[in-house]
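Participant: Would you mind keeping the following structure in view while I ask a few things?
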Amino acid sequence: MKNNRQLFYPLCLVVFLCASVIGHGQTVLSIDGGYLVQGSNTKITLNNTQFINNGTYQSGDGGEVYITGDGTDEQSAIGGDSVTTFYKLEILKSNNGVQLQQNINIDAELVVEEGNLDLNGHTITLDSDAYIENESEEGHIVGPNGGTVQMTVDLNAPNYSPGELGVRISSSQNLGSTLIQRTHVPISLNDTESIARIYKIFPTNNSDLDATIKLEYFEAELNGHNESDLGVWREDSGFWYNATSTAEPNINQFTIENVDFLSEEWTLAPRAPAVDMRVLLAGPYDDSSAEMADDLRTSDLVPTTEPYTALGYDYPASGGGEQIDPTVLAKTGSDAIVDWVFVELRDAADISNVIAARAGLLQKDGDVVDLDGRSNLSFPEIATTATPFISIRHRNHIGIIAASTVDFSSGTPMLDFAANPALAEGGSAAMLDFGNGSYGLISGDFDGDGQVQNTDSNALNSNLGASGYLPGDSNLDGQVQNTDLQIKLTPNLGRGAQFSY
Ligand SMILES: [Ca+2]
Ligand SMILES: [Ca+2]
Ligand SMILES: [Ca+2]
């Protein structure tokens, strides 16, 4: 308190010169072209008062601006021509809140005790060691008209919520300088909208993170959604999909584990239908490991954009053009990526009617995953009330279709075609029996028309010896060779799919 006297003179001067009462009971503290210098560890209390900085405000360490009051007519405000840097800003408004009319910076603490702080299209920038305190349902940062709260922070083996922004990042890796931004305007996701909280995260190092991400939210941000319907949505290359997550509605938090890299955007919204599916391809299947070979990946031949559009596959609705971050292809082991697959939802009443299609990724162990290389494949454009058939196809194998429709309404259906051929229409006749309890898609359909026929072998022969990401490369080793023909195609001549493409 010894600094109070130091503060008294300059502060009084400014207030006497510039304070005025405006229409609805709000006073204005206005710095007009001059200086307001606040001493260390002092407190300026603004009771139903606007803080307008058209000059220079400087705070010593510990200097606090405390905005309080019960004004029922309008919000307090922080504005003026100058961007104000507060050491500590505390808000306790029992009526209305505080509206930003200019960007602000926070050196140390932003305490939101009661009453909302409305970004109103402006930006709050937290210093790298600053943080938000006491955000709650009673008082938190909002931004229905836009605006961002952000910070840039070095994250080396983090295990905390930077700035208490509500996204907890745990990783043993060094992410380097990382920009984190939080916004509050719900975004449109096909037929639905997100909650009123969206994160953007930009680490310098963004691969092999094996991170755990926890996303927090307030009930007031639910945007009319039922919490039990929510799931985590992430966006890569403009494509939104669901990340497999665990919900803890009692503490308003979602957890996403095994995050290899951080998407640009994250939010919560009603879950899209997703399927937990496993399928093996006979071509690259290796008996000794009981997994598929990932030679295309190790030879850098797996494209980062799905190949099916270029091959003429038909995407109804909004699928197609899916892209992956190259770091997805860095993953090794049983979850390494083998190739892209093409998954369709087909109308229960008419299976020739494809209602949605997605390109997904296939792991060595057969899991079909989304663009993060981890999560169950989701169909963002389809309602969870849909009960379609699911078919899975690969560019040079024969596709299968599930024998029964799936029900997304009670969670994520599981379809392990590799272990249970009865799940597929036609049963084991629709697949190859590896003789060890596993089954796979039939190889050799070079032209992807659903039949292994002489035209496939002719076309393959004309490509013999070529290297690359090629249709005739049945065993997916990056070359078209005799093995592809004699072992992976010829024995399957005459076999065909149990449904028409
Ligand atoms: Ca797996
Ligand atoms: Ca064919
Ligand atoms: Ca080959």
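How things are named: the first chain in the structure tokens is A, the next is B, and so on; residues count from 1 in each chain; ligands count from 1 in the order shown.
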Let me have all residues with an atom within 8 Å of ligand 1, counting only C-alpha atoms and all ligand atoms, laid out as an MDAnalysis selection string.
Facilitator: chainID A and resid 334:336 363:367 374
Participant: Could you dump the residues just selected with N, CA, C and O atoms as an mmCIF file, in the first residue's frame?
Facilitator:
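Output contents, as saved in again.cif:
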```
data_model
loop_
_atom_site.group_PDB
_atom_site.id
_atom_site.type_symbol
_atom_site.label_atom_id
_atom_site.label_comp_id
_atom_site.auth_asym_id
_atom_site.auth_seq_id
_atom_site.Cartn_x
_atom_site.Cartn_y
_atom_site.Cartn_z
ATOM 1 N N SER A 334 2.163 -50.697 -36.223
ATOM 2 C CA SER A 334 0.903 -51.303 -36.663
ATOM 3 C C SER A 334 -0.130 -50.287 -37.129
ATOM 4 O O SER A 334 -1.069 -50.638 -37.833
ATOM 5 N N ASP A 335 0.046 -49.040 -36.709
ATOM 6 C CA ASP A 335 -0.896 -48.001 -37.124
ATOM 7 C C ASP A 335 -0.363 -47.180 -38.306
ATOM 8 O O ASP A 335 -0.952 -46.157 -38.673
ATOM 9 N N ALA A 336 0.732 -47.619 -38.898
ATOM 10 C CA ALA A 336 1.260 -46.930 -40.087
ATOM 11 C C ALA A 336 0.233 -47.029 -41.215
ATOM 12 O O ALA A 336 -0.536 -47.983 -41.296
ATOM 13 N N GLN A 363 -4.824 -48.499 -41.916
ATOM 14 C CA GLN A 363 -3.603 -48.800 -41.156
ATOM 15 C C GLN A 363 -3.139 -50.233 -41.434
ATOM 16 O O GLN A 363 -3.928 -51.078 -41.860
ATOM 17 N N LYS A 364 -1.883 -50.513 -41.125
ATOM 18 C CA LYS A 364 -1.317 -51.855 -41.331
ATOM 19 C C LYS A 364 -2.158 -52.942 -40.666
ATOM 20 O O LYS A 364 -2.304 -54.036 -41.189
ATOM 21 N N ASP A 365 -2.714 -52.637 -39.507
ATOM 22 C CA ASP A 365 -3.489 -53.650 -38.789
ATOM 23 C C ASP A 365 -4.947 -53.698 -39.237
ATOM 24 O O ASP A 365 -5.753 -54.421 -38.662
ATOM 25 N N GLY A 366 -5.297 -52.898 -40.246
ATOM 26 C CA GLY A 366 -6.620 -52.993 -40.849
ATOM 27 C C GLY A 366 -7.612 -51.931 -40.405
ATOM 28 O O GLY A 366 -8.712 -51.839 -40.965
ATOM 29 N N ASP A 367 -7.256 -51.129 -39.404
ATOM 30 C CA ASP A 367 -8.193 -50.085 -38.975
ATOM 31 C C ASP A 367 -8.376 -49.058 -40.088
ATOM 32 O O ASP A 367 -7.401 -48.593 -40.685
ATOM 33 N N ARG A 374 -5.892 -41.653 -37.081
ATOM 34 C CA ARG A 374 -6.169 -42.274 -35.795
ATOM 35 C C ARG A 374 -7.648 -42.533 -35.538
ATOM 36 O O ARG A 374 -8.016 -43.568 -35.009
#
```
Participant: What residues have any atom no more than 7 Å from ligand 2 when counting only C-alpha atoms and all ligand atoms, and can you list them as a list in words?
Facilitator: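 Going residue by residue within 7 Å of ligand 2, we get Asp445, Phe446, Asp447, Gly448, Asp449, Gly450, Gln451, Val452, Gln453, Thr455 and Asp456 of chain A.
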Participant: Just C-alpha atoms for this one: save the residues we selected as a PDB file, in the first residue's frame.
Facilitator:
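Produced file out.pdb, reproduced below:
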```pdb
ATOM      1  CA  ASP A 445      -9.121 -55.676 -59.765  1.00  0.00           C
ATOM      2  CA  PHE A 446      -6.709 -53.399 -61.586  1.00  0.00           C
ATOM      3  CA  ASP A 447      -9.435 -51.195 -63.076  1.00  0.00           C
ATOM      4  CA  GLY A 448     -11.615 -51.112 -59.966  1.00  0.00           C
ATOM      5  CA  ASP A 449     -14.780 -52.256 -61.722  1.00  0.00           C
ATOM      6  CA  GLY A 450     -15.701 -54.900 -59.153  1.00  0.00           C
ATOM      7  CA  GLN A 451     -14.480 -57.922 -61.180  1.00  0.00           C
ATOM      8  CA  VAL A 452     -11.131 -59.619 -61.630  1.00  0.00           C
ATOM      9  CA  GLN A 453     -11.070 -60.406 -65.332  1.00  0.00           C
ATOM     10  CA  THR A 455      -8.831 -56.994 -68.962  1.00  0.00           C
ATOM     11  CA  ASP A 456      -7.189 -56.498 -65.562  1.00  0.00           C
TER      12      ASP A 456
END
```
Participant: Name the residues, by chain letter and number, that sit within 6 Å of ligand 3 using only C-alpha atoms and all ligand atoms, and give them as a PyMOL selection string.
Facilitator: chain A and resi 473-481+484
Participant: Using only C-alpha atoms, which residues sit within 7 Å of A:Thr246 once same-chain residues fewer than 2 positions away are excluded, as number ranges by chain?
Facilitator: A: 248, 254-256
Participant: Run DSSP on the backbone of this structure and report the residues of stretch 256-487 of chain A it assigns to strand (DSSP E), as a PyMOL selection string.
Facilitator: chain A and resi 256-259+265-270+274-278+280-281+285-286+291-292+337-346+354-363+367-369+377-378+389-394+397-401+414-416+432-433+439-441
Participant: If we count only C-alpha atoms, what is near A:Arg168 at a cut-off of 9 Å, once residues fewer than 2 positions away on the same chain are taken out, given as a PyMOL selection string?
Facilitator: chain A and resi 158-162+164-166+170+212-216
Participant: How would the residues just picked look written out with all heavy atoms as a CSV table (one decimal), in the first residue's frame?
Facilitator:
```
chain,number,residue,atom,x,y,z
A,158,PRO,N,4.9,-29.7,-22.8
A,158,PRO,CA,3.8,-29.0,-22.0
A,158,PRO,C,2.9,-30.0,-21.3
A,158,PRO,O,2.7,-31.2,-21.8
A,158,PRO,CB,3.0,-28.2,-23.0
A,158,PRO,CG,3.2,-29.0,-24.2
A,158,PRO,CD,4.6,-29.6,-24.2
A,159,ASN,N,2.4,-29.6,-20.2
A,159,ASN,CA,1.3,-30.4,-19.5
A,159,ASN,C,0.4,-29.4,-18.8
A,159,ASN,O,0.3,-29.5,-17.5
A,159,ASN,CB,1.9,-31.5,-18.6
A,159,ASN,CG,0.8,-32.3,-18.0
A,159,ASN,OD1,-0.3,-32.4,-18.5
A,159,ASN,ND2,1.1,-33.0,-16.9
A,160,TYR,N,-0.2,-28.5,-19.5
A,160,TYR,CA,-1.0,-27.5,-18.8
A,160,TYR,C,-1.8,-26.8,-19.9
A,160,TYR,O,-1.8,-27.1,-21.1
A,160,TYR,CB,-0.1,-26.5,-18.1
A,160,TYR,CG,0.7,-25.5,-18.9
A,160,TYR,CD1,0.4,-24.2,-19.0
A,160,TYR,CD2,1.8,-26.0,-19.7
A,160,TYR,CE1,1.2,-23.3,-19.7
A,160,TYR,CE2,2.6,-25.1,-20.5
A,160,TYR,CZ,2.2,-23.8,-20.5
A,160,TYR,OH,3.0,-22.9,-21.3
A,161,SER,N,-2.7,-25.8,-19.4
A,161,SER,CA,-3.5,-25.1,-20.3
A,161,SER,C,-2.9,-23.7,-20.4
A,161,SER,O,-3.0,-22.9,-19.5
A,161,SER,CB,-4.9,-25.0,-19.6
A,161,SER,OG,-5.7,-24.0,-20.3
A,162,PRO,N,-2.2,-23.4,-21.5
A,162,PRO,CA,-1.5,-22.1,-21.7
A,162,PRO,C,-2.5,-21.0,-21.5
A,162,PRO,O,-3.6,-20.9,-22.1
A,162,PRO,CB,-1.0,-22.2,-23.1
A,162,PRO,CG,-0.9,-23.7,-23.4
A,162,PRO,CD,-2.0,-24.3,-22.7
A,164,GLU,N,-4.5,-20.5,-19.3
A,164,GLU,CA,-5.8,-20.9,-18.9
A,164,GLU,C,-6.9,-20.6,-19.9
A,164,GLU,O,-8.0,-20.2,-19.6
A,164,GLU,CB,-6.2,-20.3,-17.5
A,164,GLU,CG,-5.2,-20.7,-16.4
A,164,GLU,CD,-5.2,-22.2,-16.1
A,164,GLU,OE1,-6.2,-22.9,-16.4
A,164,GLU,OE2,-4.2,-22.7,-15.5
A,165,LEU,N,-6.5,-20.7,-21.2
A,165,LEU,CA,-7.4,-20.5,-22.3
A,165,LEU,C,-8.4,-21.6,-22.4
A,165,LEU,O,-9.4,-21.5,-23.2
A,165,LEU,CB,-6.6,-20.3,-23.6
A,165,LEU,CG,-5.9,-19.0,-23.8
A,165,LEU,CD1,-4.9,-19.1,-25.0
A,165,LEU,CD2,-6.9,-17.9,-24.1
A,166,GLY,N,-8.3,-22.7,-21.7
A,166,GLY,CA,-9.2,-23.8,-21.7
A,166,GLY,C,-8.9,-24.9,-22.7
A,166,GLY,O,-9.7,-25.7,-23.0
A,170,SER,N,-0.8,-31.7,-23.5
A,170,SER,CA,0.2,-32.5,-22.9
A,170,SER,C,1.0,-33.3,-23.9
A,170,SER,O,0.3,-34.0,-24.8
A,170,SER,CB,-0.4,-33.6,-21.9
A,170,SER,OG,-1.3,-32.9,-21.0
A,212,THR,N,-2.0,-35.3,-25.7
A,212,THR,CA,-3.3,-35.4,-25.2
A,212,THR,C,-3.9,-34.0,-25.1
A,212,THR,O,-3.2,-33.1,-24.6
A,212,THR,CB,-3.3,-36.0,-23.8
A,212,THR,OG1,-2.9,-37.4,-23.9
A,212,THR,CG2,-4.8,-36.1,-23.2
A,213,ILE,N,-5.0,-33.8,-25.7
A,213,ILE,CA,-5.6,-32.5,-25.8
A,213,ILE,C,-6.9,-32.5,-25.0
A,213,ILE,O,-7.8,-33.4,-25.2
A,213,ILE,CB,-6.0,-32.1,-27.2
A,213,ILE,CG1,-4.7,-32.2,-28.1
A,213,ILE,CG2,-6.6,-30.7,-27.3
A,213,ILE,CD1,-3.6,-31.2,-27.7
A,214,LYS,N,-7.1,-31.6,-24.1
A,214,LYS,CA,-8.4,-31.5,-23.4
A,214,LYS,C,-9.0,-30.1,-23.7
A,214,LYS,O,-8.4,-29.1,-23.6
A,214,LYS,CB,-8.2,-31.6,-21.9
A,214,LYS,CG,-7.7,-33.0,-21.4
A,214,LYS,CD,-7.5,-33.0,-19.9
A,214,LYS,CE,-6.9,-34.4,-19.5
A,214,LYS,NZ,-7.9,-35.5,-19.5
A,215,LEU,N,-10.3,-30.2,-24.2
A,215,LEU,CA,-11.0,-29.0,-24.6
A,215,LEU,C,-12.1,-28.7,-23.5
A,215,LEU,O,-12.9,-29.6,-23.3
A,215,LEU,CB,-11.6,-29.1,-26.0
A,215,LEU,CG,-10.7,-29.4,-27.1
A,215,LEU,CD1,-11.5,-29.7,-28.4
A,215,LEU,CD2,-9.7,-28.2,-27.3
A,216,GLU,N,-12.1,-27.5,-23.0
A,216,GLU,CA,-13.1,-27.1,-22.0
A,216,GLU,C,-14.1,-26.2,-22.6
A,216,GLU,O,-13.8,-25.6,-23.6
A,216,GLU,CB,-12.4,-26.4,-20.8
A,216,GLU,CG,-11.4,-27.3,-20.1
A,216,GLU,CD,-10.5,-26.6,-19.1
A,216,GLU,OE1,-10.7,-25.3,-18.9
A,216,GLU,OE2,-9.6,-27.2,-18.5
```
Participant: Could you check how far atom CA of A:Leu110 sits from atom CA of A:Ala211, in Å to one decimal?
Facilitator: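 Result for atom CA of A:Leu110 versus atom CA of A:Ala211: 27.3 Å, one decimal.
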Participant: So which residues touch stretch 493-498 of chain A within 12 Å, counting only C-alpha atoms, skipping near sequence neighbours fewer than 5 positions away, as a ChimeraX atom specification?
Facilitator: /A:351,391-394,397-403,424-432,441-446,448-457,485-488
Participant: Which neighbours of A:Thr332 fall inside 12 Å, counting only C-alpha atoms, when residues of the same chain fewer than 5 positions from it are skipped, and could you give them as number ranges by chain?
Facilitator: A: 208, 260, 293-295, 297-298, 327, 337-338, 363-365, 373
Participant: For the residues selected in the previous step, produce a file with N, CA, C and O atoms as a PDB file, in the first residue's frame.
Facilitator:
```pdb
ATOM      1  N   ASP A 208       4.613 -36.045 -34.704  1.00  0.00           N
ATOM      2  CA  ASP A 208       5.008 -37.010 -33.671  1.00  0.00           C
ATOM      3  C   ASP A 208       4.766 -36.501 -32.259  1.00  0.00           C
ATOM      4  O   ASP A 208       5.538 -36.789 -31.355  1.00  0.00           O
ATOM      5  N   ASP A 260      -1.258 -36.983 -32.978  1.00  0.00           N
ATOM      6  CA  ASP A 260       0.073 -36.919 -33.589  1.00  0.00           C
ATOM      7  C   ASP A 260       0.440 -35.493 -33.976  1.00  0.00           C
ATOM      8  O   ASP A 260       1.598 -35.107 -33.923  1.00  0.00           O
ATOM      9  N   ALA A 293       1.641 -54.826 -45.634  1.00  0.00           N
ATOM     10  CA  ALA A 293       2.908 -54.115 -45.847  1.00  0.00           C
ATOM     11  C   ALA A 293       2.615 -52.640 -46.131  1.00  0.00           C
ATOM     12  O   ALA A 293       1.609 -52.309 -46.756  1.00  0.00           O
ATOM     13  N   ASP A 294       3.488 -51.770 -45.659  1.00  0.00           N
ATOM     14  CA  ASP A 294       3.308 -50.335 -45.895  1.00  0.00           C
ATOM     15  C   ASP A 294       4.417 -49.788 -46.789  1.00  0.00           C
ATOM     16  O   ASP A 294       4.924 -48.692 -46.584  1.00  0.00           O
ATOM     17  N   ASP A 295       4.759 -50.585 -47.818  1.00  0.00           N
ATOM     18  CA  ASP A 295       5.857 -50.182 -48.721  1.00  0.00           C
ATOM     19  C   ASP A 295       5.558 -48.879 -49.458  1.00  0.00           C
ATOM     20  O   ASP A 295       6.470 -48.114 -49.742  1.00  0.00           O
ATOM     21  N   ARG A 297       4.055 -46.327 -48.326  1.00  0.00           N
ATOM     22  CA  ARG A 297       4.359 -45.243 -47.387  1.00  0.00           C
ATOM     23  C   ARG A 297       5.867 -45.065 -47.210  1.00  0.00           C
ATOM     24  O   ARG A 297       6.385 -43.947 -47.295  1.00  0.00           O
ATOM     25  N   THR A 298       6.573 -46.189 -47.025  1.00  0.00           N
ATOM     26  CA  THR A 298       8.021 -46.071 -46.797  1.00  0.00           C
ATOM     27  C   THR A 298       8.726 -45.579 -48.059  1.00  0.00           C
ATOM     28  O   THR A 298       9.815 -45.011 -47.977  1.00  0.00           O
ATOM     29  N   THR A 327       2.561 -35.365 -41.978  1.00  0.00           N
ATOM     30  CA  THR A 327       3.022 -36.027 -40.752  1.00  0.00           C
ATOM     31  C   THR A 327       2.233 -37.299 -40.460  1.00  0.00           C
ATOM     32  O   THR A 327       2.710 -38.187 -39.761  1.00  0.00           O
ATOM     33  N   ILE A 337       0.244 -46.037 -42.079  1.00  0.00           N
ATOM     34  CA  ILE A 337      -0.758 -45.969 -43.146  1.00  0.00           C
ATOM     35  C   ILE A 337      -0.303 -46.790 -44.360  1.00  0.00           C
ATOM     36  O   ILE A 337       0.817 -46.633 -44.856  1.00  0.00           O
ATOM     37  N   VAL A 338      -1.204 -47.646 -44.847  1.00  0.00           N
ATOM     38  CA  VAL A 338      -0.929 -48.507 -46.004  1.00  0.00           C
ATOM     39  C   VAL A 338      -1.354 -47.811 -47.296  1.00  0.00           C
ATOM     40  O   VAL A 338      -0.607 -47.769 -48.280  1.00  0.00           O
ATOM     41  N   GLN A 363      -4.824 -48.499 -41.916  1.00  0.00           N
ATOM     42  CA  GLN A 363      -3.603 -48.800 -41.156  1.00  0.00           C
ATOM     43  C   GLN A 363      -3.139 -50.233 -41.434  1.00  0.00           C
ATOM     44  O   GLN A 363      -3.928 -51.078 -41.860  1.00  0.00           O
ATOM     45  N   LYS A 364      -1.883 -50.513 -41.125  1.00  0.00           N
ATOM     46  CA  LYS A 364      -1.317 -51.855 -41.331  1.00  0.00           C
ATOM     47  C   LYS A 364      -2.158 -52.942 -40.666  1.00  0.00           C
ATOM     48  O   LYS A 364      -2.304 -54.036 -41.189  1.00  0.00           O
ATOM     49  N   ASP A 365      -2.714 -52.637 -39.507  1.00  0.00           N
ATOM     50  CA  ASP A 365      -3.489 -53.650 -38.789  1.00  0.00           C
ATOM     51  C   ASP A 365      -4.947 -53.698 -39.237  1.00  0.00           C
ATOM     52  O   ASP A 365      -5.753 -54.421 -38.662  1.00  0.00           O
ATOM     53  N   GLY A 373      -5.264 -39.972 -39.133  1.00  0.00           N
ATOM     54  CA  GLY A 373      -4.550 -41.246 -39.094  1.00  0.00           C
ATOM     55  C   GLY A 373      -4.886 -42.077 -37.873  1.00  0.00           C
ATOM     56  O   GLY A 373      -4.253 -43.109 -37.636  1.00  0.00           O
TER      57      GLY A 373
END
```
Participant: Would you list the contacts of A:Ile106 as a list in words, taking every protein, DNA or RNA residue within 8 Å and counting only C-alpha atoms, but skipping same-chain residues closer than 3 positions in sequence?
Facilitator: Thr85, Phe86, Tyr87, Lys88, Leu89, Glu109, Leu110, Ile124, Thr125, Leu126, Asp127 and Ala130 of chain A
Participant: Kindly give the distance, in Å, that separates atom CA of A:Phe342 and atom CA of A:Tyr501, rounded to a single decimal.
Facilitator: 11.5 Å
Participant: Report, in Å with one decimal, the straight-line distance from atom CA of A:Glu113 to atom CA of A:Glu90.
Facilitator: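 Computing the Euclidean distance for atom CA of A:Glu113 and atom CA of A:Glu90 yields 7.1 Å.
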Participant: Restricting the calculation to only C-alpha atoms, which member of A:Gly33, A:Gly80, A:Pro273, A:Gly176 is positioned closest to A:Met414?
Facilitator: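 Going through A:Gly33, A:Gly80, A:Pro273, A:Gly176 one by one, the smallest distance to A:Met414 is for A:Pro273.
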Participant: So which one's closest to A:Asn95, A:Thr27, A:Gln58, A:Asn47, A:Ser82? Using only C-alpha atoms, please.
Facilitator: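 The closest residue to A:Asn95 is A:Asn47.
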